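Colleague: Below is upload_32.cif; it holds mmCIF, C-alpha atoms.
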data_start
loop_
_atom_site.label_atom_id
_atom_site.label_comp_id
_atom_site.auth_asym_id
_atom_site.auth_seq_id
_atom_site.Cartn_x
_atom_site.Cartn_y
_atom_site.Cartn_z
CA MET A 1 28.60 10.60 -19.21
CA ASN A 2 31.22 8.57 -21.02
CA GLN A 3 32.92 11.22 -23.09
CA LYS A 4 35.86 10.85 -25.45
CA ILE A 5 37.14 14.41 -25.62
CA VAL A 6 40.05 15.36 -27.87
CA PHE A 7 42.09 18.56 -27.63
CA GLU A 8 43.49 19.68 -30.97
CA ARG A 9 46.06 22.45 -31.14
CA VAL A 10 44.99 25.18 -33.59
CA ILE A 11 47.15 24.97 -36.74
CA HIS A 12 46.77 25.99 -40.40
CA ASN A 13 44.43 23.08 -41.20
CA ASN A 14 41.79 23.85 -38.57
CA PHE A 15 42.19 27.63 -38.44
CA ASP A 16 38.85 28.35 -40.13
CA ASP A 17 37.03 26.27 -37.51
CA PHE A 18 38.86 28.23 -34.84
CA ILE A 19 37.92 31.63 -36.30
CA SER A 20 34.32 30.55 -36.53
CA LEU A 21 34.29 29.73 -32.80
CA VAL A 22 36.02 33.00 -31.83
CA LYS A 23 33.19 34.78 -33.66
CA GLN A 24 30.58 32.71 -31.84
CA LEU A 25 32.12 33.67 -28.49
CA ALA A 26 32.33 37.34 -29.52
CA ALA A 27 28.64 37.25 -30.46
CA TYR A 28 27.76 35.53 -27.15
CA GLU A 29 29.67 38.25 -25.29
CA LYS A 30 28.05 40.98 -27.42
CA GLN A 31 31.45 42.17 -28.67
CA ASP A 32 32.45 43.33 -32.15
CA LEU A 33 33.44 40.39 -34.35
CA PRO A 34 37.01 40.28 -35.71
CA ASP A 35 37.12 41.67 -39.27
CA ARG A 36 39.15 40.23 -42.16
CA GLN A 37 42.34 42.10 -41.19
CA ALA A 38 41.95 40.94 -37.60
CA GLU A 39 41.58 37.34 -38.82
CA THR A 40 44.89 37.64 -40.68
CA ARG A 41 46.63 39.03 -37.59
CA LEU A 42 45.07 36.34 -35.40
CA LYS A 43 46.46 33.64 -37.67
CA LYS A 44 49.94 35.16 -37.65
CA ASP A 45 49.90 35.63 -33.87
CA ALA A 46 48.69 32.06 -33.28
CA LEU A 47 50.97 30.25 -35.71
CA SER A 48 54.23 32.21 -35.69
CA LYS A 49 57.41 30.72 -34.21
CA THR A 50 56.83 32.81 -31.09
CA PRO A 51 53.04 32.66 -30.85
CA ARG A 52 51.31 35.31 -28.73
CA PHE A 53 48.88 32.68 -27.39
CA GLU A 54 48.07 28.98 -27.62
CA ALA A 55 44.69 27.90 -28.91
CA TYR A 56 42.95 24.52 -28.82
CA LEU A 57 39.81 23.12 -30.36
CA VAL A 58 37.79 20.67 -28.31
CA LYS A 59 36.21 17.76 -30.15
CA GLU A 60 33.81 15.03 -29.14
CA GLN A 61 33.49 12.26 -31.74
CA GLU A 62 34.87 14.55 -34.48
CA LYS A 63 32.36 17.31 -33.63
CA ILE A 64 33.91 20.62 -32.55
CA VAL A 65 32.22 21.55 -29.28
CA GLY A 66 34.42 24.34 -27.94
CA TYR A 67 37.76 26.12 -27.85
CA PHE A 68 40.10 27.90 -25.50
CA ILE A 69 43.04 30.27 -25.66
CA TYR A 70 45.66 30.83 -22.99
CA TYR A 71 48.99 32.58 -22.61
CA MET A 72 51.52 33.09 -19.84
CA THR A 73 51.30 36.11 -17.55
CA TYR A 74 53.45 36.56 -14.44
CA SER A 75 53.28 37.05 -10.68
CA SER A 76 56.13 39.14 -9.28
CA TYR A 77 55.40 38.05 -5.69
CA LEU A 78 55.54 34.33 -6.56
CA ALA A 79 58.16 34.95 -9.26
CA LEU A 80 56.35 32.32 -11.31
CA PRO A 81 54.39 32.37 -14.57
CA THR A 82 50.60 32.23 -14.46
CA LEU A 83 48.54 30.36 -17.04
CA TYR A 84 45.93 32.94 -18.02
CA ILE A 85 42.84 31.69 -19.89
CA GLU A 86 41.79 34.49 -22.23
CA ASP A 87 38.89 32.73 -23.99
CA ILE A 88 37.01 29.59 -23.04
CA PHE A 89 33.85 28.59 -24.86
CA VAL A 90 31.55 25.58 -25.14
CA ILE A 91 28.92 25.75 -27.88
CA GLU A 92 25.24 25.80 -27.02
CA GLY A 93 23.71 22.41 -26.47
CA TRP A 94 27.00 21.06 -25.06
CA ARG A 95 27.15 23.11 -21.88
CA ARG A 96 26.66 21.44 -18.47
CA THR A 97 27.98 18.14 -19.85
CA GLY A 98 31.39 18.14 -18.13
CA ILE A 99 33.32 19.46 -21.13
CA GLY A 100 34.26 22.72 -19.37
CA LYS A 101 35.69 20.72 -16.48
CA LYS A 102 37.81 18.68 -18.91
CA MET A 103 39.08 21.89 -20.51
CA PHE A 104 40.17 23.17 -17.11
CA GLU A 105 41.82 19.83 -16.35
CA PHE A 106 43.77 20.09 -19.63
CA CYS A 107 44.85 23.66 -18.74
CA ALA A 108 45.83 22.50 -15.24
CA ARG A 109 48.17 19.89 -16.75
CA GLN A 110 49.66 22.57 -19.03
CA ALA A 111 50.10 24.87 -16.00
CA LYS A 112 51.91 22.05 -14.18
CA ASN A 113 54.17 21.32 -17.16
CA ARG A 114 55.10 25.01 -17.49
CA GLY A 115 55.85 25.41 -13.79
CA CYS A 116 53.06 27.92 -13.23
CA GLY A 117 52.18 29.12 -9.75
CA ARG A 118 48.62 30.04 -10.70
CA MET A 119 45.83 29.81 -13.24
CA GLU A 120 43.70 32.91 -13.73
CA TRP A 121 40.80 34.11 -15.88
CA CYS A 122 37.99 36.66 -15.88
CA VAL A 123 34.27 36.39 -16.44
CA TYR A 124 31.68 39.00 -17.32
CA ASN A 125 29.44 39.62 -14.31
CA TRP A 126 26.30 38.91 -16.38
CA ASN A 127 27.52 35.41 -17.29
CA ILE A 128 25.76 33.60 -14.44
CA PRO A 129 26.13 30.03 -15.85
CA ALA A 130 29.91 30.52 -16.11
CA ILE A 131 30.12 32.02 -12.62
CA LYS A 132 28.18 29.03 -11.25
CA PHE A 133 30.64 26.70 -13.00
CA TYR A 134 33.69 28.51 -11.55
CA ARG A 135 32.13 28.27 -8.10
CA GLU A 136 31.67 24.51 -8.56
CA LEU A 137 35.32 24.35 -9.66
CA LYS A 138 36.10 25.88 -6.24
CA ALA A 139 38.12 28.68 -7.86
CA THR A 140 38.91 31.73 -5.73
CA ARG A 141 37.02 34.88 -6.64
CA LEU A 142 39.42 37.83 -6.33
CA GLU A 143 38.31 41.14 -4.83
CA LYS A 144 39.79 43.03 -7.74
CA THR A 145 38.45 45.41 -10.35
CA TYR A 146 39.60 45.35 -13.95
CA TYR A 147 40.43 48.58 -15.81
CA ARG A 148 41.05 49.22 -19.49
CA LEU A 149 42.22 51.94 -21.85
CA ASP A 150 41.35 51.44 -25.51
CA LYS A 151 43.42 52.81 -28.41
CA LYS A 152 41.76 56.24 -28.29
CA GLN A 153 42.17 56.50 -24.52
CA ILE A 154 45.83 55.44 -24.83
CA ALA A 155 46.41 58.13 -27.47
CA ARG A 156 45.26 60.79 -25.00
CA LEU A 157 48.23 59.85 -22.80
CA TYR A 158 51.20 60.10 -25.16
CA MET B 159 55.01 70.74 -10.04
CA ASN B 160 58.12 70.86 -12.22
CA GLN B 161 59.24 67.27 -12.12
CA LYS B 162 62.18 65.68 -13.86
CA ILE B 163 61.16 62.03 -13.87
CA VAL B 164 63.49 59.36 -15.23
CA PHE B 165 62.46 55.82 -16.18
CA GLU B 166 65.25 53.30 -15.75
CA ARG B 167 64.90 49.77 -17.10
CA VAL B 168 65.61 47.18 -14.42
CA ILE B 169 68.99 45.54 -15.12
CA HIS B 170 71.67 43.75 -13.05
CA ASN B 171 72.99 47.01 -11.55
CA ASN B 172 69.70 48.21 -10.07
CA PHE B 173 68.12 44.83 -9.36
CA ASP B 174 68.43 45.11 -5.57
CA ASP B 175 66.56 48.43 -5.63
CA PHE B 176 63.86 46.75 -7.71
CA ILE B 177 63.48 43.79 -5.33
CA SER B 178 63.22 46.17 -2.40
CA LEU B 179 60.30 47.96 -4.09
CA VAL B 180 58.54 44.71 -5.02
CA LYS B 181 58.67 43.82 -1.33
CA GLN B 182 57.28 47.23 -0.37
CA LEU B 183 54.34 46.74 -2.74
CA ALA B 184 53.76 43.18 -1.46
CA ALA B 185 53.69 44.54 2.10
CA TYR B 186 51.31 47.35 1.06
CA GLU B 187 49.01 44.76 -0.56
CA LYS B 188 49.33 42.46 2.49
CA GLN B 189 50.77 39.64 0.37
CA ASP B 190 53.58 37.21 1.22
CA LEU B 191 56.99 38.69 0.37
CA PRO B 192 59.13 36.90 -2.24
CA ASP B 193 61.67 34.62 -0.51
CA ARG B 194 65.31 34.17 -1.57
CA GLN B 195 64.50 31.51 -4.19
CA ALA B 196 61.74 33.71 -5.61
CA GLU B 197 64.23 36.60 -5.84
CA THR B 198 66.57 34.42 -7.90
CA ARG B 199 63.73 33.40 -10.23
CA LEU B 200 62.55 37.00 -10.52
CA LYS B 201 66.02 38.09 -11.62
CA LYS B 202 66.25 35.32 -14.23
CA ASP B 203 62.74 36.03 -15.53
CA ALA B 204 63.41 39.80 -15.77
CA LEU B 205 66.87 39.68 -17.31
CA SER B 206 66.86 36.63 -19.59
CA LYS B 207 67.02 37.00 -23.37
CA THR B 208 63.27 36.34 -23.50
CA PRO B 209 62.16 38.14 -20.33
CA ARG B 210 58.76 37.22 -18.91
CA PHE B 211 58.06 40.88 -18.08
CA GLU B 212 59.60 44.35 -18.36
CA ALA B 213 60.33 46.31 -15.23
CA TYR B 214 61.21 49.97 -14.72
CA LEU B 215 62.34 52.04 -11.78
CA VAL B 216 61.05 55.60 -11.54
CA LYS B 217 63.48 58.23 -10.29
CA GLU B 218 63.12 61.86 -9.39
CA GLN B 219 66.48 63.62 -8.92
CA GLU B 220 68.24 60.27 -8.35
CA LYS B 221 65.73 59.20 -5.69
CA ILE B 222 63.78 56.02 -6.50
CA VAL B 223 60.11 56.89 -6.05
CA GLY B 224 58.35 53.95 -7.70
CA TYR B 225 58.38 51.05 -10.12
CA PHE B 226 56.18 49.23 -12.56
CA ILE B 227 56.07 45.90 -14.38
CA TYR B 228 54.19 45.11 -17.55
CA TYR B 229 53.97 42.31 -20.10
CA MET B 230 52.00 41.63 -23.24
CA THR B 231 48.69 39.78 -23.08
CA TYR B 232 46.35 39.39 -26.06
CA SER B 233 42.82 40.15 -27.24
CA SER B 234 41.43 37.55 -29.68
CA TYR B 235 38.58 39.86 -30.78
CA LEU B 236 40.95 42.74 -31.63
CA ALA B 237 43.70 40.32 -32.67
CA LEU B 238 46.14 42.73 -31.06
CA PRO B 239 48.45 42.57 -28.05
CA THR B 240 47.43 44.31 -24.82
CA LEU B 241 49.94 46.03 -22.56
CA TYR B 242 49.05 44.62 -19.13
CA ILE B 243 50.41 46.44 -16.08
CA GLU B 244 51.00 43.79 -13.41
CA ASP B 245 52.53 46.02 -10.71
CA ILE B 246 52.54 49.77 -10.36
CA PHE B 247 53.74 51.43 -7.17
CA VAL B 248 54.66 54.91 -5.94
CA ILE B 249 56.31 55.08 -2.52
CA GLU B 250 54.58 56.81 0.37
CA GLY B 251 55.14 60.55 0.49
CA TRP B 252 55.31 60.74 -3.32
CA ARG B 253 51.72 59.82 -4.10
CA ARG B 254 49.32 62.43 -5.53
CA THR B 255 52.25 64.34 -7.09
CA GLY B 256 51.62 63.43 -10.73
CA ILE B 257 54.18 60.59 -10.84
CA GLY B 258 51.52 57.93 -11.41
CA LYS B 259 50.20 59.88 -14.39
CA LYS B 260 53.71 60.04 -15.87
CA MET B 261 54.09 56.28 -15.39
CA PHE B 262 50.86 55.71 -17.32
CA GLU B 263 52.02 58.11 -20.04
CA PHE B 264 55.26 56.12 -20.36
CA CYS B 265 53.28 52.86 -20.61
CA ALA B 266 50.95 54.46 -23.19
CA ARG B 267 53.97 55.27 -25.39
CA GLN B 268 55.21 51.68 -25.00
CA ALA B 269 51.72 50.40 -25.92
CA LYS B 270 51.79 52.60 -29.03
CA ASN B 271 55.27 51.41 -30.04
CA ARG B 272 54.26 47.76 -29.63
CA GLY B 273 51.07 48.18 -31.65
CA CYS B 274 48.81 47.36 -28.70
CA GLY B 275 45.04 47.70 -28.97
CA ARG B 276 44.57 48.12 -25.22
CA MET B 277 46.17 48.75 -21.86
CA GLU B 278 44.74 46.84 -18.91
CA TRP B 279 45.37 46.38 -15.19
CA CYS B 280 43.60 45.37 -11.99
CA VAL B 281 43.25 47.00 -8.60
CA TYR B 282 42.27 45.57 -5.23
CA ASN B 283 38.82 46.85 -4.30
CA TRP B 284 40.13 48.17 -0.94
CA ASN B 285 42.68 50.42 -2.64
CA ILE B 286 40.51 53.53 -2.77
CA PRO B 287 43.31 56.04 -3.59
CA ALA B 288 44.30 53.97 -6.63
CA ILE B 289 40.68 53.59 -7.77
CA LYS B 290 40.25 57.38 -7.46
CA PHE B 291 43.36 57.86 -9.62
CA TYR B 292 42.13 55.44 -12.32
CA ARG B 293 38.81 57.31 -12.39
CA GLU B 294 40.67 60.59 -12.90
CA LEU B 295 42.63 58.89 -15.69
CA LYS B 296 39.22 58.24 -17.29
CA ALA B 297 39.97 54.52 -17.58
CA THR B 298 37.04 52.18 -18.23
CA ARG B 299 36.03 49.99 -15.30
CA LEU B 300 35.14 46.54 -16.66
CA GLU B 301 32.18 44.59 -15.32
CA LYS B 302 34.30 41.50 -14.91
CA THR B 303 35.24 39.26 -12.04
CA TYR B 304 38.70 37.79 -11.64
CA TYR B 305 39.17 34.12 -10.67
CA ARG B 306 42.26 32.23 -9.58
CA LEU B 307 43.49 28.72 -8.87
CA ASP B 308 46.66 28.44 -6.81
CA LYS B 309 49.15 25.56 -7.07
CA LYS B 310 47.18 23.33 -4.68
CA GLN B 311 43.90 24.04 -6.45
CA ILE B 312 45.54 23.33 -9.83
CA ALA B 313 46.87 20.00 -8.52
CA ARG B 314 43.30 18.91 -7.72
CA LEU B 315 42.54 19.10 -11.46
CA TYR B 316 45.26 16.95 -13.02
#
Spit out the file's structure as structure tokens when you get a sec.
Modeller:
Amino acid sequence: MNQKIVFERVIHNNFDDFISLVKQLAAYEKQDLPDRQAETRLKKDALSKTPRFEAYLVKEQEKIVGYFIYYMTYSSYLALPTLYIEDIFVIEGWRRTGIGKKMFEFCARQAKNRGCGRMEWCVYNWNIPAIKFYRELKATRLEKTYYRLDKKQIARLY
Amino acid sequence: MNQKIVFERVIHNNFDDFISLVKQLAAYEKQDLPDRQAETRLKKDALSKTPRFEAYLVKEQEKIVGYFIYYMTYSSYLALPTLYIEDIFVIEGWRRTGIGKKMFEFCARQAKNRGCGRMEWCVYNWNIPAIKFYRELKATRLEKTYYRLDKKQIARLY
């Protein structure tokens, strides 16, 4: 497929398109959608001088077909930053067309430019199409389990 | 147990103690130890004006009994930072004494002060004592799988 894919950094002008995609991913992952206050925070955190993450829209012939968010984490053993992909999403009807691969290639170039030792991300175990894609990408599946405390659980500890 | 636990931010003065503990954890997790160049990078990344992570030593009556490292990640759905614990380690002979709980309580206070929506971390699936501890902590086990690309795998993509 002869694709002309464009990666567009999320800025003020395209922020509404971005929010709309975040909500689509949240719905796909059966998570609560960000409310109005969360949208305001998201904008501040994305567009401040020291942004908490970097977000990109993915366009094919002016049509928005996906988005991704990453930020830097860190490996103490390597003593190098890791490019961690928090969200990655291709809209329905555009999956299995090679766009996901191009998004990973873009992130790989960013990881190189930032001097990262690794790229990492997580996938829900029910998301079989994504898992199949990561296997095709020849990514290494880590034998690790992820734990979380939410705000209420955190409050029990202080 | 009547413990007087002190949390000491890693700075120039105690950096050698910190490196020694990172190596102990790497050995415990059967990972490659940081080499001399990695040690230099680790120091720069910990102590620069915009540190890539925050590290603490844990002391009981002047004896160093553990350390932890965390940094901020981000949840797009919550639009809030997450306190992510990258390393957490209690030296042999001091495990199962309540020190781990106190380390999590310290991190919970930090998460509160930073306005985090979540605390997260990962554990190797073979680390049964740690998994038992996280269960006792009533943390939520996520049904997620962790993927990684190392430097060589990244280079295949750009």
Colleague: For a test of reading the model, state the distance in Å between atom CA of Cys116 of chain A and atom CA of Ile64 of chain A, rounded to one decimal.
Modeller: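 Atom-to-atom, atom CA of Cys116 of chain A and atom CA of Ile64 of chain A are spaced 28.2 Å apart.
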Colleague: Between B:Phe262, B:Phe176, B:Tyr186, B:Phe226, single out the one closest to Tyr282 of chain B, counting all atoms listed in the file.
Modeller: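 Smallest distance to Tyr282 of chain B is found for B:Tyr186.
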Colleague: Using the chain letters and numbers from the file, which residues does the PyMOL selection byres ((chain A) within 6 of (chain B)) grab, as a count of residues only?
Modeller: 34
Colleague: What does chain A look like once superposed on chain B, all Cα atoms paired in sequence order, least squares? Give it as an mmCIF file with C-alpha atoms, keeping the file's coordinate frame.
Modeller:
data_model
loop_
_atom_site.group_PDB
_atom_site.id
_atom_site.type_symbol
_atom_site.label_atom_id
_atom_site.label_comp_id
_atom_site.auth_asym_id
_atom_site.auth_seq_id
_atom_site.Cartn_x
_atom_site.Cartn_y
_atom_site.Cartn_z
ATOM 1 C CA MET A 1 55.005 70.752 -10.061
ATOM 2 C CA ASN A 2 58.102 70.876 -12.219
ATOM 3 C CA GLN A 3 59.231 67.283 -12.112
ATOM 4 C CA LYS A 4 62.194 65.685 -13.850
ATOM 5 C CA ILE A 5 61.179 62.037 -13.863
ATOM 6 C CA VAL A 6 63.486 59.348 -15.234
ATOM 7 C CA PHE A 7 62.459 55.810 -16.176
ATOM 8 C CA GLU A 8 65.259 53.290 -15.751
ATOM 9 C CA ARG A 9 64.904 49.781 -17.118
ATOM 10 C CA VAL A 10 65.624 47.169 -14.424
ATOM 11 C CA ILE A 11 69.009 45.530 -15.123
ATOM 12 C CA HIS A 12 71.675 43.749 -13.050
ATOM 13 C CA ASN A 13 72.992 47.000 -11.540
ATOM 14 C CA ASN A 14 69.703 48.206 -10.055
ATOM 15 C CA PHE A 15 68.110 44.824 -9.356
ATOM 16 C CA ASP A 16 68.428 45.112 -5.569
ATOM 17 C CA ASP A 17 66.550 48.425 -5.622
ATOM 18 C CA PHE A 18 63.870 46.748 -7.702
ATOM 19 C CA ILE A 19 63.480 43.792 -5.318
ATOM 20 C CA SER A 20 63.212 46.162 -2.404
ATOM 21 C CA LEU A 21 60.297 47.963 -4.089
ATOM 22 C CA VAL A 22 58.525 44.707 -5.030
ATOM 23 C CA LYS A 23 58.652 43.829 -1.323
ATOM 24 C CA GLN A 24 57.265 47.231 -0.369
ATOM 25 C CA LEU A 25 54.337 46.733 -2.756
ATOM 26 C CA ALA A 26 53.753 43.188 -1.465
ATOM 27 C CA ALA A 27 53.667 44.538 2.096
ATOM 28 C CA TYR A 28 51.277 47.347 1.055
ATOM 29 C CA GLU A 29 49.006 44.748 -0.554
ATOM 30 C CA LYS A 30 49.306 42.458 2.493
ATOM 31 C CA GLN A 31 50.766 39.648 0.370
ATOM 32 C CA ASP A 32 53.569 37.220 1.211
ATOM 33 C CA LEU A 33 56.970 38.696 0.362
ATOM 34 C CA PRO A 34 59.113 36.901 -2.243
ATOM 35 C CA ASP A 35 61.662 34.625 -0.529
ATOM 36 C CA ARG A 36 65.302 34.175 -1.575
ATOM 37 C CA GLN A 37 64.489 31.512 -4.194
ATOM 38 C CA ALA A 38 61.746 33.716 -5.610
ATOM 39 C CA GLU A 39 64.222 36.614 -5.852
ATOM 40 C CA THR A 40 66.563 34.430 -7.914
ATOM 41 C CA ARG A 41 63.733 33.403 -10.247
ATOM 42 C CA LEU A 42 62.551 37.007 -10.535
ATOM 43 C CA LYS A 43 66.015 38.089 -11.634
ATOM 44 C CA LYS A 44 66.250 35.330 -14.233
ATOM 45 C CA ASP A 45 62.749 36.040 -15.555
ATOM 46 C CA ALA A 46 63.420 39.790 -15.771
ATOM 47 C CA LEU A 47 66.878 39.687 -17.324
ATOM 48 C CA SER A 48 66.873 36.641 -19.603
ATOM 49 C CA LYS A 49 67.019 37.022 -23.392
ATOM 50 C CA THR A 50 63.277 36.372 -23.512
ATOM 51 C CA PRO A 51 62.162 38.158 -20.348
ATOM 52 C CA ARG A 52 58.763 37.218 -18.907
ATOM 53 C CA PHE A 53 58.075 40.887 -18.084
ATOM 54 C CA GLU A 54 59.617 44.343 -18.362
ATOM 55 C CA ALA A 55 60.330 46.313 -15.221
ATOM 56 C CA TYR A 56 61.222 49.976 -14.723
ATOM 57 C CA LEU A 57 62.347 52.048 -11.785
ATOM 58 C CA VAL A 58 61.070 55.597 -11.547
ATOM 59 C CA LYS A 59 63.488 58.228 -10.289
ATOM 60 C CA GLU A 60 63.137 61.875 -9.390
ATOM 61 C CA GLN A 61 66.480 63.638 -8.890
ATOM 62 C CA GLU A 62 68.262 60.294 -8.344
ATOM 63 C CA LYS A 63 65.725 59.217 -5.690
ATOM 64 C CA ILE A 64 63.795 56.033 -6.505
ATOM 65 C CA VAL A 65 60.124 56.890 -6.054
ATOM 66 C CA GLY A 66 58.350 53.958 -7.690
ATOM 67 C CA TYR A 67 58.380 51.054 -10.118
ATOM 68 C CA PHE A 68 56.185 49.225 -12.569
ATOM 69 C CA ILE A 69 56.084 45.909 -14.378
ATOM 70 C CA TYR A 70 54.192 45.105 -17.554
ATOM 71 C CA TYR A 71 53.979 42.316 -20.097
ATOM 72 C CA MET A 72 51.998 41.622 -23.248
ATOM 73 C CA THR A 73 48.682 39.781 -23.083
ATOM 74 C CA TYR A 74 46.333 39.396 -26.054
ATOM 75 C CA SER A 75 42.807 40.138 -27.249
ATOM 76 C CA SER A 76 41.441 37.553 -29.678
ATOM 77 C CA TYR A 77 38.582 39.839 -30.777
ATOM 78 C CA LEU A 78 40.932 42.729 -31.637
ATOM 79 C CA ALA A 79 43.696 40.314 -32.673
ATOM 80 C CA LEU A 80 46.120 42.740 -31.051
ATOM 81 C CA PRO A 81 48.440 42.570 -28.040
ATOM 82 C CA THR A 82 47.434 44.310 -24.822
ATOM 83 C CA LEU A 83 49.939 46.032 -22.551
ATOM 84 C CA TYR A 84 49.047 44.620 -19.139
ATOM 85 C CA ILE A 85 50.410 46.446 -16.071
ATOM 86 C CA GLU A 86 51.009 43.797 -13.417
ATOM 87 C CA ASP A 87 52.539 46.014 -10.707
ATOM 88 C CA ILE A 88 52.545 49.779 -10.356
ATOM 89 C CA PHE A 89 53.742 51.434 -7.174
ATOM 90 C CA VAL A 90 54.658 54.906 -5.934
ATOM 91 C CA ILE A 91 56.303 55.065 -2.511
ATOM 92 C CA GLU A 92 54.592 56.812 0.371
ATOM 93 C CA GLY A 93 55.141 60.530 0.502
ATOM 94 C CA TRP A 94 55.317 60.723 -3.315
ATOM 95 C CA ARG A 95 51.726 59.820 -4.106
ATOM 96 C CA ARG A 96 49.328 62.452 -5.512
ATOM 97 C CA THR A 97 52.249 64.338 -7.076
ATOM 98 C CA GLY A 98 51.621 63.410 -10.727
ATOM 99 C CA ILE A 99 54.177 60.595 -10.840
ATOM 100 C CA GLY A 100 51.518 57.908 -11.407
ATOM 101 C CA LYS A 101 50.202 59.869 -14.376
ATOM 102 C CA LYS A 102 53.715 60.031 -15.857
ATOM 103 C CA MET A 103 54.091 56.273 -15.398
ATOM 104 C CA PHE A 104 50.871 55.702 -17.319
ATOM 105 C CA GLU A 105 52.028 58.106 -20.028
ATOM 106 C CA PHE A 106 55.276 56.113 -20.356
ATOM 107 C CA CYS A 107 53.282 52.848 -20.611
ATOM 108 C CA ALA A 108 50.967 54.452 -23.185
ATOM 109 C CA ARG A 109 53.974 55.280 -25.386
ATOM 110 C CA GLN A 110 55.220 51.688 -25.005
ATOM 111 C CA ALA A 111 51.729 50.404 -25.917
ATOM 112 C CA LYS A 112 51.785 52.602 -29.033
ATOM 113 C CA ASN A 113 55.265 51.418 -30.037
ATOM 114 C CA ARG A 114 54.246 47.758 -29.645
ATOM 115 C CA GLY A 115 51.046 48.174 -31.644
ATOM 116 C CA CYS A 116 48.795 47.345 -28.704
ATOM 117 C CA GLY A 117 45.035 47.692 -28.963
ATOM 118 C CA ARG A 118 44.568 48.115 -25.218
ATOM 119 C CA MET A 119 46.165 48.743 -21.850
ATOM 120 C CA GLU A 120 44.750 46.825 -18.899
ATOM 121 C CA TRP A 121 45.381 46.383 -15.174
ATOM 122 C CA CYS A 122 43.596 45.365 -11.984
ATOM 123 C CA VAL A 123 43.247 46.992 -8.599
ATOM 124 C CA TYR A 124 42.259 45.575 -5.236
ATOM 125 C CA ASN A 125 38.804 46.854 -4.293
ATOM 126 C CA TRP A 126 40.103 48.178 -0.945
ATOM 127 C CA ASN A 127 42.673 50.415 -2.666
ATOM 128 C CA ILE A 128 40.497 53.537 -2.785
ATOM 129 C CA PRO A 129 43.314 56.044 -3.588
ATOM 130 C CA ALA A 130 44.302 53.964 -6.637
ATOM 131 C CA ILE A 131 40.686 53.599 -7.762
ATOM 132 C CA LYS A 132 40.247 57.382 -7.482
ATOM 133 C CA PHE A 133 43.376 57.849 -9.612
ATOM 134 C CA TYR A 134 42.134 55.436 -12.316
ATOM 135 C CA ARG A 135 38.829 57.297 -12.390
ATOM 136 C CA GLU A 136 40.686 60.591 -12.900
ATOM 137 C CA LEU A 137 42.645 58.881 -15.693
ATOM 138 C CA LYS A 138 39.223 58.232 -17.279
ATOM 139 C CA ALA A 139 39.979 54.506 -17.585
ATOM 140 C CA THR A 140 37.048 52.170 -18.229
ATOM 141 C CA ARG A 141 36.040 49.986 -15.306
ATOM 142 C CA LEU A 142 35.149 46.533 -16.663
ATOM 143 C CA GLU A 143 32.172 44.586 -15.326
ATOM 144 C CA LYS A 144 34.296 41.495 -14.917
ATOM 145 C CA THR A 145 35.232 39.250 -12.026
ATOM 146 C CA TYR A 146 38.688 37.774 -11.623
ATOM 147 C CA TYR A 147 39.170 34.107 -10.673
ATOM 148 C CA ARG A 148 42.268 32.228 -9.573
ATOM 149 C CA LEU A 149 43.485 28.713 -8.870
ATOM 150 C CA ASP A 150 46.662 28.444 -6.811
ATOM 151 C CA LYS A 151 49.145 25.556 -7.071
ATOM 152 C CA LYS A 152 47.181 23.335 -4.675
ATOM 153 C CA GLN A 153 43.891 24.035 -6.446
ATOM 154 C CA ILE A 154 45.540 23.324 -9.821
ATOM 155 C CA ALA A 155 46.863 20.000 -8.501
ATOM 156 C CA ARG A 156 43.303 18.910 -7.702
ATOM 157 C CA LEU A 157 42.538 19.114 -11.432
ATOM 158 C CA TYR A 158 45.249 16.970 -13.015
#
Colleague: Work out how far atom CA of Lys188 of chain B is from atom CA of Met261 of chain B, in Å to one decimal.
Modeller: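 Rounded to one decimal, the two atoms are 23.1 Å apart.
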Colleague: Once the PyMOL selection byres ((chain A and resi 56) around 10) has been evaluated on this model, what residues remain selected, and can you format them as a ChimeraX atom specification?
Modeller: /A:6-11,14,18,54-55,57-59,66-70,88,103
Colleague: How far is it from atom CA of Val248 of chain B to atom CA of Glu218 of chain B, in Å with one decimal?
Modeller: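 Atom-to-atom, atom CA of Val248 of chain B to atom CA of Glu218 of chain B, that is 11.5 Å.
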Colleague: Counting all atoms listed in the file, which of A:His12, A:Ile91, A:Gln61, A:Gly100 gets nearest to Ser48 of chain A?
Modeller: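 That would be A:His12, the residue with the smallest distance to Ser48 of chain A.
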